[in-house]
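Novice: As input, take protein37.pdb (PDB, C-alpha atoms and all ligand atoms):
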```pdb
ATOM      1  CA  MET A   1      23.555  31.704 -64.866
ATOM      2  CA  ILE A   2      25.821  34.698 -64.323
ATOM      3  CA  SER A   3      28.763  34.662 -66.725
ATOM      4  CA  GLN A   4      32.317  35.455 -65.720
ATOM      5  CA  THR A   5      32.393  38.486 -68.048
ATOM      6  CA  GLU A   6      29.578  40.088 -66.045
ATOM      7  CA  ILE A   7      31.700  40.081 -62.867
ATOM      8  CA  THR A   8      34.373  42.589 -61.851
ATOM      9  CA  GLY A   9      36.855  41.615 -59.153
ATOM     10  CA  LEU A  10      37.346  44.456 -56.677
ATOM     11  CA  ILE A  11      40.592  44.123 -54.720
ATOM     12  CA  LEU A  12      40.452  46.027 -51.446
ATOM     13  CA  ALA A  13      43.801  47.612 -50.688
ATOM     14  CA  GLY A  14      42.555  50.810 -49.094
ATOM     15  CA  GLY A  15      43.118  50.129 -45.399
ATOM     16  CA  ARG A  16      45.470  51.827 -42.978
ATOM     17  CA  ALA A  17      47.284  48.609 -42.030
ATOM     18  CA  GLN A  18      48.014  49.858 -38.543
ATOM     19  CA  ARG A  19      48.835  46.376 -37.248
ATOM     20  CA  MET A  20      51.461  46.156 -39.984
ATOM     21  CA  GLY A  21      52.974  49.417 -38.779
ATOM     22  CA  GLY A  22      51.138  51.553 -41.330
ATOM     23  CA  ILE A  23      52.971  50.137 -44.355
ATOM     24  CA  ASP A  24      50.697  49.753 -47.379
ATOM     25  CA  LYS A  25      49.767  46.064 -47.011
ATOM     26  CA  GLY A  26      49.112  45.350 -50.685
ATOM     27  CA  LEU A  27      52.691  46.293 -51.505
ATOM     28  CA  ILE A  28      54.608  44.410 -48.809
ATOM     29  CA  PRO A  29      56.717  41.556 -50.201
ATOM     30  CA  PHE A  30      55.188  38.093 -49.920
ATOM     31  CA  HIS A  31      57.419  35.435 -51.469
ATOM     32  CA  HIS A  32      59.430  38.357 -52.953
ATOM     33  CA  ARG A  33      56.476  39.926 -54.754
ATOM     34  CA  PRO A  34      54.016  42.609 -53.618
ATOM     35  CA  LEU A  35      51.221  40.851 -51.737
ATOM     36  CA  ILE A  36      48.548  42.130 -54.115
ATOM     37  CA  GLU A  37      50.147  40.161 -56.961
ATOM     38  CA  SER A  38      49.181  36.872 -55.289
ATOM     39  CA  VAL A  39      45.600  38.089 -55.027
ATOM     40  CA  ILE A  40      45.539  39.233 -58.661
ATOM     41  CA  HIS A  41      46.991  35.866 -59.683
ATOM     42  CA  ARG A  42      44.164  33.947 -57.976
ATOM     43  CA  LEU A  43      41.275  36.308 -58.744
ATOM     44  CA  ARG A  44      42.002  37.366 -62.336
ATOM     45  CA  PRO A  45      41.091  33.969 -63.912
ATOM     46  CA  GLN A  46      37.758  33.982 -62.054
ATOM     47  CA  VAL A  47      36.388  37.334 -63.301
ATOM     48  CA  GLY A  48      35.949  39.408 -66.456
ATOM     49  CA  SER A  49      37.798  42.487 -65.201
ATOM     50  CA  ILE A  50      39.626  43.842 -62.169
ATOM     51  CA  LEU A  51      39.406  47.094 -60.191
ATOM     52  CA  ILE A  52      41.904  47.989 -57.477
ATOM     53  CA  ASN A  53      40.688  50.072 -54.550
ATOM     54  CA  ALA A  54      43.599  51.897 -52.921
ATOM     55  CA  ASN A  55      44.040  55.144 -51.047
ATOM     56  CA  ARG A  56      47.854  55.410 -51.144
ATOM     57  CA  ASN A  57      50.616  54.667 -53.658
ATOM     58  CA  LEU A  58      48.166  54.934 -56.548
ATOM     59  CA  GLU A  59      50.914  55.095 -59.161
ATOM     60  CA  GLN A  60      52.439  51.849 -58.000
ATOM     61  CA  TYR A  61      49.076  50.083 -58.000
ATOM     62  CA  SER A  62      48.340  51.378 -61.506
ATOM     63  CA  THR A  63      51.377  49.512 -62.896
ATOM     64  CA  TYR A  64      49.249  46.319 -62.891
ATOM     65  CA  GLY A  65      47.223  47.742 -65.769
ATOM     66  CA  PHE A  66      43.853  47.797 -63.991
ATOM     67  CA  PRO A  67      41.859  50.895 -63.005
ATOM     68  CA  VAL A  68      42.709  52.131 -59.491
ATOM     69  CA  ILE A  69      39.979  53.871 -57.549
ATOM     70  CA  SER A  70      40.030  55.560 -54.141
ATOM     71  CA  ASP A  71      37.420  55.989 -51.434
ATOM     72  CA  ASP A  72      35.228  59.087 -51.874
ATOM     73  CA  ASP A  73      36.105  60.247 -48.419
ATOM     74  CA  LEU A  74      39.689  59.575 -47.411
ATOM     75  CA  SER A  75      38.934  59.189 -43.731
ATOM     76  CA  PHE A  76      39.698  55.445 -43.742
ATOM     77  CA  SER A  77      36.180  54.420 -42.839
ATOM     78  CA  GLY A  78      36.698  50.701 -43.361
ATOM     79  CA  PRO A  79      35.993  48.194 -46.139
ATOM     80  CA  LEU A  80      32.449  49.423 -46.777
ATOM     81  CA  ALA A  81      33.974  52.667 -48.088
ATOM     82  CA  GLY A  82      35.934  50.538 -50.561
ATOM     83  CA  PHE A  83      32.774  48.621 -51.511
ATOM     84  CA  ALA A  84      30.996  51.945 -52.163
ATOM     85  CA  ALA A  85      33.780  53.296 -54.385
ATOM     86  CA  GLY A  86      33.952  49.976 -56.265
ATOM     87  CA  LEU A  87      30.208  49.754 -56.843
ATOM     88  CA  LYS A  88      30.192  53.266 -58.306
ATOM     89  CA  ALA A  89      33.084  52.574 -60.676
ATOM     90  CA  CYS A  90      32.100  49.030 -61.653
ATOM     91  CA  PRO A  91      31.521  48.532 -65.398
ATOM     92  CA  THR A  92      29.667  45.200 -65.013
ATOM     93  CA  GLU A  93      26.440  44.017 -63.385
ATOM     94  CA  TYR A  94      28.158  42.140 -60.548
ATOM     95  CA  VAL A  95      31.186  42.723 -58.376
ATOM     96  CA  VAL A  96      33.131  40.275 -56.251
ATOM     97  CA  THR A  97      35.379  41.648 -53.518
ATOM     98  CA  ALA A  98      38.608  40.249 -52.095
ATOM     99  CA  PRO A  99      41.053  41.855 -49.656
ATOM    100  CA  CYS A 100      44.655  42.467 -50.702
ATOM    101  CA  ASP A 101      45.938  40.600 -47.641
ATOM    102  CA  SER A 102      44.605  37.077 -48.341
ATOM    103  CA  PRO A 103      47.042  35.610 -50.870
ATOM    104  CA  LEU A 104      45.625  32.060 -50.727
ATOM    105  CA  LEU A 105      42.029  32.932 -51.583
ATOM    106  CA  PRO A 106      39.959  30.054 -52.994
ATOM    107  CA  THR A 107      40.364  29.395 -56.699
ATOM    108  CA  ASN A 108      36.660  28.432 -56.731
ATOM    109  CA  LEU A 109      35.541  31.555 -54.829
ATOM    110  CA  VAL A 110      33.491  33.048 -57.661
ATOM    111  CA  GLU A 111      32.110  29.710 -58.851
ATOM    112  CA  LEU A 112      30.599  28.838 -55.468
ATOM    113  CA  LEU A 113      29.321  32.360 -54.758
ATOM    114  CA  VAL A 114      27.683  32.528 -58.207
ATOM    115  CA  THR A 115      26.021  29.131 -57.752
ATOM    116  CA  LYS A 116      24.511  30.226 -54.448
ATOM    117  CA  MET A 117      23.423  33.595 -55.799
ATOM    118  CA  THR A 118      21.711  31.985 -58.783
ATOM    119  CA  GLU A 119      19.991  29.267 -56.723
ATOM    120  CA  GLY A 120      18.450  31.709 -54.277
ATOM    121  CA  SER A 121      18.138  34.864 -56.420
ATOM    122  CA  PHE A 122      20.112  36.690 -53.751
ATOM    123  CA  ASP A 123      21.435  40.241 -54.161
ATOM    124  CA  LEU A 124      24.574  39.492 -52.148
ATOM    125  CA  VAL A 125      26.389  36.307 -51.154
ATOM    126  CA  TYR A 126      29.451  36.312 -48.890
ATOM    127  CA  ALA A 127      31.898  33.571 -47.995
ATOM    128  CA  SER A 128      32.207  31.806 -44.650
ATOM    129  CA  SER A 129      34.897  29.391 -43.535
ATOM    130  CA  LYS A 130      34.831  26.415 -41.211
ATOM    131  CA  ASP A 131      37.493  25.968 -38.546
ATOM    132  CA  PRO A 132      38.831  22.521 -37.515
ATOM    133  CA  ALA A 133      36.305  22.403 -34.663
ATOM    134  CA  GLY A 134      33.477  22.828 -37.191
ATOM    135  CA  LYS A 135      32.603  26.403 -36.211
ATOM    136  CA  THR A 136      31.789  28.718 -39.116
ATOM    137  CA  TRP A 137      33.215  32.209 -39.460
ATOM    138  CA  ALA A 138      31.881  34.933 -41.744
ATOM    139  CA  GLN A 139      34.408  36.247 -44.261
ATOM    140  CA  PRO A 140      32.433  39.323 -45.315
ATOM    141  CA  VAL A 141      35.146  40.971 -47.407
ATOM    142  CA  PHE A 142      34.844  38.021 -49.814
ATOM    143  CA  CYS A 143      31.519  38.872 -51.288
ATOM    144  CA  LEU A 144      29.601  38.762 -54.582
ATOM    145  CA  MET A 145      26.945  41.420 -55.045
ATOM    146  CA  ARG A 146      24.766  43.118 -57.592
ATOM    147  CA  VAL A 147      26.098  46.525 -58.557
ATOM    148  CA  SER A 148      22.532  47.828 -58.222
ATOM    149  CA  LEU A 149      23.113  47.709 -54.435
ATOM    150  CA  SER A 150      25.187  50.882 -54.779
ATOM    151  CA  LYS A 151      22.284  53.142 -53.767
ATOM    152  CA  SER A 152      21.436  51.002 -50.746
ATOM    153  CA  LEU A 153      25.044  51.176 -49.582
ATOM    154  CA  GLU A 154      25.259  54.932 -50.082
ATOM    155  CA  GLU A 155      22.147  55.361 -47.938
ATOM    156  CA  PHE A 156      23.464  52.999 -45.268
ATOM    157  CA  ILE A 157      26.783  54.865 -45.045
ATOM    158  CA  SER A 158      25.074  58.258 -45.040
ATOM    159  CA  LEU A 159      23.316  57.222 -41.822
ATOM    160  CA  GLY A 160      26.730  56.857 -40.226
ATOM    161  CA  ASP A 161      26.871  53.074 -40.057
ATOM    162  CA  LEU A 162      30.020  51.320 -41.273
ATOM    163  CA  LYS A 163      29.436  47.763 -40.037
ATOM    164  CA  ILE A 164      29.447  45.304 -42.912
ATOM    165  CA  ASP A 165      27.318  42.679 -41.181
ATOM    166  CA  ARG A 166      24.601  45.199 -40.368
ATOM    167  CA  TRP A 167      24.384  46.227 -44.033
ATOM    168  CA  PHE A 168      24.249  42.571 -45.115
ATOM    169  CA  LYS A 169      21.329  41.973 -42.739
ATOM    170  CA  GLU A 170      19.281  44.669 -44.487
ATOM    171  CA  LEU A 171      19.653  42.853 -47.797
ATOM    172  CA  ASN A 172      18.431  39.723 -49.517
ATOM    173  CA  SER A 173      21.745  38.043 -48.687
ATOM    174  CA  SER A 174      23.169  34.629 -47.925
ATOM    175  CA  THR A 175      26.479  32.877 -47.380
ATOM    176  CA  VAL A 176      28.455  29.911 -48.724
ATOM    177  CA  VAL A 177      30.536  27.878 -46.289
ATOM    178  CA  PHE A 178      33.897  26.917 -47.826
ATOM    179  CA  ASP A 179      35.617  23.805 -46.503
ATOM    180  CA  SER A 180      39.056  25.342 -46.447
ATOM    181  CA  GLU A 181      39.846  27.697 -43.601
ATOM    182  CA  SER A 182      43.440  28.234 -44.736
ATOM    183  CA  ALA A 183      42.326  29.768 -48.047
ATOM    184  CA  PHE A 184      41.051  32.745 -46.079
ATOM    185  CA  ALA A 185      44.206  33.225 -44.012
ATOM    186  CA  ASN A 186      44.968  36.914 -43.936
ATOM    187  CA  ILE A 187      47.982  38.939 -42.991
ATOM    188  CA  ASN A 188      47.613  41.656 -40.405
ATOM    189  CA  THR A 189      50.978  41.709 -38.642
ATOM    190  CA  PRO A 190      54.656  41.123 -39.560
ATOM    191  CA  GLU A 191      54.462  37.850 -37.580
ATOM    192  CA  GLU A 192      51.475  36.638 -39.624
ATOM    193  CA  LEU A 193      53.368  37.518 -42.791
ATOM    194  CA  LEU A 194      56.269  35.258 -41.791
ATOM    195  CA  THR A 195      53.973  32.455 -40.642
ATOM    196  CA  LEU A 196      51.970  32.427 -43.861
ATOM    197  CA  GLU A 197      55.079  32.626 -46.013
ATOM    198  CA  LYS A 198      56.449  29.563 -44.262
ATOM    199  CA  ALA A 199      53.144  27.699 -44.453
ATOM    200  CA  SER A 200      52.766  28.378 -48.178
ATOM    201  CA  SER A 201      56.338  27.836 -49.353
TER     202      SER A 201
HETATM  203  N1  LIG A 301      38.789  51.217 -49.147
HETATM  204  C1  LIG A 301      39.053  50.917 -47.886
HETATM  205  N2  LIG A 301      39.390  49.662 -47.561
HETATM  206  C2  LIG A 301      39.661  49.401 -46.275
HETATM  207  C3  LIG A 301      39.609  50.400 -45.279
HETATM  208  N3  LIG A 301      39.933  49.823 -44.094
HETATM  209  C4  LIG A 301      40.185  48.528 -44.356
HETATM  210  N4  LIG A 301      40.028  48.275 -45.676
HETATM  211  C5  LIG A 301      40.240  47.007 -46.373
HETATM  212  O1  LIG A 301      39.458  46.008 -45.753
HETATM  213  C6  LIG A 301      40.169  44.776 -45.654
HETATM  214  C7  LIG A 301      40.274  44.343 -44.210
HETATM  215  O2  LIG A 301      40.973  45.356 -43.544
HETATM  216  P1  LIG A 301      41.630  45.209 -42.113
HETATM  217  O3  LIG A 301      42.776  44.272 -42.164
HETATM  218  O4  LIG A 301      40.562  44.944 -41.118
HETATM  219  O5  LIG A 301      42.110  46.705 -41.894
HETATM  220  P2  LIG A 301      43.449  47.369 -42.353
HETATM  221  O6  LIG A 301      43.225  48.846 -42.343
HETATM  222  O7  LIG A 301      43.924  46.799 -43.644
HETATM  223  O8  LIG A 301      44.475  46.976 -41.202
HETATM  224  P3  LIG A 301      44.496  47.460 -39.666
HETATM  225  O9  LIG A 301      44.688  48.962 -39.678
HETATM  226  O10 LIG A 301      45.686  46.753 -39.110
HETATM  227  O11 LIG A 301      43.189  47.059 -39.061
HETATM  228  C8  LIG A 301      41.537  45.041 -46.293
HETATM  229  O12 LIG A 301      41.440  44.603 -47.627
HETATM  230  C9  LIG A 301      41.681  46.543 -46.248
HETATM  231  O13 LIG A 301      42.461  47.064 -47.315
HETATM  232  C10 LIG A 301      39.243  51.741 -45.664
HETATM  233  O14 LIG A 301      39.147  52.667 -44.874
HETATM  234  N5  LIG A 301      38.974  51.940 -46.982
END
```
Write out the structure in this file as structure tokens.
Ligand SMILES: Nc1nc2c(ncn2[C@@H]2O[C@H](COP(=O)(O)OP(=O)(O)OP(=O)(O)O)[C@@H](O)[C@H]2O)c(=O)[nH]1

Specialist:
Amino acid sequence: MISQTEITGLILAGGRAQRMGGIDKGLIPFHHRPLIESVIHRLRPQVGSILINANRNLEQYSTYGFPVISDDDLSFSGPLAGFAAGLKACPTEYVVTAPCDSPLLPTNLVELLVTKMTEGSFDLVYASSKDPAGKTWAQPVFCLMRVSLSKSLEEFISLGDLKIDRWFKELNSSTVVFDSESAFANINTPEELLTLEKASS
């Protein structure tokens, strides 16, 4: 079994947040606190250590007391660039990723991903959610992986591909379907921010 101390939580806060008007999403107030604080609150008890991946406002992110790392290439190439930076900086054997804009993330995220990874000896396991109609949706930015995948990801990116699902398909990977869809609710726009604040008050 993989122990909690072997897992680093990588919080992805490196996006451009264009749909939010370009404001750094991790730092927008959600219930009067920067959004990233809700993610830290839910993820911290599930892992041995935390890394924050951000490309702006590094000083502000560093006030949480965790290492802050930026993408190698600041061209905002998408979450895989954040994965790559996190895998390189990760001090443990495993990393679990979570975006900074999903404040209700499952409190059993790591537990269920670890169980699946151990059962199938997978190198990467990502979350999926089920909507009320029973359809499943991949949630690829919630993902547990072996840090040894760093080289594979570097090679994949060097070929010019930035699509998460295409990288996953190259790997010994699997998914876990979580019952709760609402736990993966994410905030992309000011309207979604208000809606989720109301729904979670
Ligand atoms: N490191 C890094 N993370 C990114 C990048 N783009 C998106 N992300 C992260 O990936 C997750 C999902 O991002 P999106 O909401 O699709 O993109 P976004 O840039 O945050 O927002 P939009 O510009 O509105 O699409 C979030 O946690 C982002 O912080 C990037 O270029 N670098």

Novice: Find the spatial neighbours of Ser150 of chain A, counting all atoms listed in the file, within a cut-off of 8 Å - ignore same-chain residues fewer than 2 positions away - and output them as a list in words.

Specialist: Ala84, Leu87, Lys88, Val147, Ser148, Ser152, Leu153 and Glu154 of chain A

Novice: Kindly export the residues of the current selection with C-alpha atoms, as a short mmCIF file (atom, residue, chain, number, x, y, z; two decimals), in the coordinates of the input.

Specialist:
```cif
data_model
loop_
_atom_site.label_atom_id
_atom_site.label_comp_id
_atom_site.auth_asym_id
_atom_site.auth_seq_id
_atom_site.Cartn_x
_atom_site.Cartn_y
_atom_site.Cartn_z
CA ALA A 84 31.00 51.94 -52.16
CA LEU A 87 30.21 49.75 -56.84
CA LYS A 88 30.19 53.27 -58.31
CA VAL A 147 26.10 46.52 -58.56
CA SER A 148 22.53 47.83 -58.22
CA SER A 152 21.44 51.00 -50.75
CA LEU A 153 25.04 51.18 -49.58
CA GLU A 154 25.26 54.93 -50.08
#
```

Novice: Applied to the shown file, which residues does the PyMOL selection byres (((chain A and resi 58) around 12) and not hetatm) return, written as a list in words?

Specialist: Ala13, Gly14, Asp24, Gly26, Leu27, Ile52, Asn53, Ala54, Asn55, Arg56, Asn57, Glu59, Gln60, Tyr61, Ser62, Thr63, Tyr64, Gly65, Phe66, Pro67, Val68, Ile69, Ser70 and Asp71 of chain A

Novice: Here is a test: counting all atoms listed in the file, which residue of A:Leu171, A:Leu124, A:Cys100, A:Ile23 is nearest to ligand LIG 301 (chain A)?

Specialist: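 The shortest atom-to-atom distance to ligand LIG 301 (chain A) comes from A:Cys100.
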
Novice: Give me, as a PDB file with C-alpha atoms, in the frame of the given file, all polymer residues having an atom no more than 8 Å from segment 104-115 of chain A, counting only C-alpha atoms and skipping those fewer than 4 positions away in the same chain.

Specialist:
```pdb
ATOM      1  CA  MET A   1      23.555  31.704 -64.866  1.00  0.00           C
ATOM      2  CA  ILE A   2      25.821  34.698 -64.323  1.00  0.00           C
ATOM      3  CA  SER A  38      49.181  36.872 -55.289  1.00  0.00           C
ATOM      4  CA  VAL A  39      45.600  38.089 -55.027  1.00  0.00           C
ATOM      5  CA  ARG A  42      44.164  33.947 -57.976  1.00  0.00           C
ATOM      6  CA  LEU A  43      41.275  36.308 -58.744  1.00  0.00           C
ATOM      7  CA  GLN A  46      37.758  33.982 -62.054  1.00  0.00           C
ATOM      8  CA  VAL A  47      36.388  37.334 -63.301  1.00  0.00           C
ATOM      9  CA  VAL A  96      33.131  40.275 -56.251  1.00  0.00           C
ATOM     10  CA  GLU A 119      19.991  29.267 -56.723  1.00  0.00           C
ATOM     11  CA  VAL A 125      26.389  36.307 -51.154  1.00  0.00           C
ATOM     12  CA  TYR A 126      29.451  36.312 -48.890  1.00  0.00           C
ATOM     13  CA  ALA A 127      31.898  33.571 -47.995  1.00  0.00           C
ATOM     14  CA  CYS A 143      31.519  38.872 -51.288  1.00  0.00           C
ATOM     15  CA  LEU A 144      29.601  38.762 -54.582  1.00  0.00           C
ATOM     16  CA  THR A 175      26.479  32.877 -47.380  1.00  0.00           C
ATOM     17  CA  VAL A 176      28.455  29.911 -48.724  1.00  0.00           C
ATOM     18  CA  SER A 182      43.440  28.234 -44.736  1.00  0.00           C
ATOM     19  CA  ALA A 183      42.326  29.768 -48.047  1.00  0.00           C
ATOM     20  CA  PHE A 184      41.051  32.745 -46.079  1.00  0.00           C
ATOM     21  CA  ALA A 185      44.206  33.225 -44.012  1.00  0.00           C
TER      22      ALA A 185
END
```

Novice: So how many Å separate atom CA of Ile11 of chain A and atom CA of Ala98 of chain A, to one decimal?

Specialist: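 So the two atoms, atom CA of Ile11 of chain A and atom CA of Ala98 of chain A, lie 5.1 Å apart.
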
Novice: Can you tell me how far atom CA of Lys151 of chain A sits from atom CA of Phe122 of chain A, in Å to one decimal?

Specialist: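 Atom CA of Lys151 of chain A sits 16.6 Å away from atom CA of Phe122 of chain A.
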
Novice: Expand the PyMOL selection byres (((not hetatm)) within 8 of (chain A and resi 301)) into the explicit residue set it covers here, and present it as an NGL selection string.

Specialist: :A and (11-22 or 25-26 or 53-55 or 70-71 or 74-83 or 85 or 98-101 or 141 or 186-189)

Novice: With C-alpha atoms kept, could you save the residues just selected as a short mmCIF file (atom, residue, chain, number, x, y, z; two decimals), keeping the file's coordinate frame?

Specialist:
```cif
data_model
loop_
_atom_site.label_atom_id
_atom_site.label_comp_id
_atom_site.auth_asym_id
_atom_site.auth_seq_id
_atom_site.Cartn_x
_atom_site.Cartn_y
_atom_site.Cartn_z
CA ILE A 11 40.59 44.12 -54.72
CA LEU A 12 40.45 46.03 -51.45
CA ALA A 13 43.80 47.61 -50.69
CA GLY A 14 42.56 50.81 -49.09
CA GLY A 15 43.12 50.13 -45.40
CA ARG A 16 45.47 51.83 -42.98
CA ALA A 17 47.28 48.61 -42.03
CA GLN A 18 48.01 49.86 -38.54
CA ARG A 19 48.84 46.38 -37.25
CA MET A 20 51.46 46.16 -39.98
CA GLY A 21 52.97 49.42 -38.78
CA GLY A 22 51.14 51.55 -41.33
CA LYS A 25 49.77 46.06 -47.01
CA GLY A 26 49.11 45.35 -50.68
CA ASN A 53 40.69 50.07 -54.55
CA ALA A 54 43.60 51.90 -52.92
CA ASN A 55 44.04 55.14 -51.05
CA SER A 70 40.03 55.56 -54.14
CA ASP A 71 37.42 55.99 -51.43
CA LEU A 74 39.69 59.58 -47.41
CA SER A 75 38.93 59.19 -43.73
CA PHE A 76 39.70 55.44 -43.74
CA SER A 77 36.18 54.42 -42.84
CA GLY A 78 36.70 50.70 -43.36
CA PRO A 79 35.99 48.19 -46.14
CA LEU A 80 32.45 49.42 -46.78
CA ALA A 81 33.97 52.67 -48.09
CA GLY A 82 35.93 50.54 -50.56
CA PHE A 83 32.77 48.62 -51.51
CA ALA A 85 33.78 53.30 -54.38
CA ALA A 98 38.61 40.25 -52.10
CA PRO A 99 41.05 41.86 -49.66
CA CYS A 100 44.66 42.47 -50.70
CA ASP A 101 45.94 40.60 -47.64
CA VAL A 141 35.15 40.97 -47.41
CA ASN A 186 44.97 36.91 -43.94
CA ILE A 187 47.98 38.94 -42.99
CA ASN A 188 47.61 41.66 -40.40
CA THR A 189 50.98 41.71 -38.64
#
```

Novice: For atom CA of Pro103 of chain A and atom CA of Ile36 of chain A, quote the distance in Å rounded to one decimal.

Specialist: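 If I compute the distance from atom CA of Pro103 of chain A to atom CA of Ile36 of chain A, I get 7.4 Å.
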
Novice: When you count only C-alpha atoms, which of these residues is closest to Thr118 of chain A: A:Val177, A:Ala199, A:Ile164, A:Met145?

Specialist: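 Closest to Thr118 of chain A, using only C-alpha atoms: A:Met145.
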
Novice: So, counting all atoms listed in the file, which residue among A:Asp73, A:Glu6, A:Asp131, A:Asp123 is closest to Phe168 of chain A?

Specialist: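 Under the stated criterion, the closest residue is A:Asp123.
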
Novice: Edge lengths and centre in Å to one decimal, as AutoDock Vina command-line options, is what I'm after for the box along x, y and z that holds all listed atoms of segment 79-95 of chain A once 6 Å is added on each side.

Specialist:
```
--center_x 31.2 --center_y 47.7 --center_z -55.8 --size_x 21.6 --size_y 23.2 --size_z 31.3
```

Novice: Which residues are close to Thr92 of chain A, i.e. within 10 Å by only C-alpha atoms, leaving aside same-chain residues fewer than 3 positions away? Reply as a list in words.

Specialist: Thr5, Glu6, Ile7, Thr8, Gly9, Gly48, Ser49, Leu87, Ala89, Val95, Arg146 and Val147 of chain A

Novice: Quick one: apply the PyMOL selection byres (((chain A and resi 134) around 12) and not hetatm) to the file and drop the selected residues here as a PyMOL selection string.

Specialist: chain A and resi 128-133+135-137+177-181

Novice: Restricting the calculation to all atoms listed in the file: of A:Thr97, A:Thr195, A:Leu149, A:Ser173, which residue gets closest to Lys116 of chain A?

Specialist: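 Selected residue with least distance to Lys116 of chain A: A:Ser173.
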
Novice: Between A:Lys169, A:Ala138, A:Glu37, A:Pro190, which is the closest to Ser102 of chain A once you count all atoms listed in the file?

Specialist: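 For Ser102 of chain A, the nearest of the given residues is A:Glu37.
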
Novice: Counting all atoms listed in the file, figure out which residue out of A:Leu10, A:Met117, A:Ile40, A:Leu159 gets nearest to Cys90 of chain A.

Specialist: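 Closest residue, counting all atoms listed in the file: A:Leu10.
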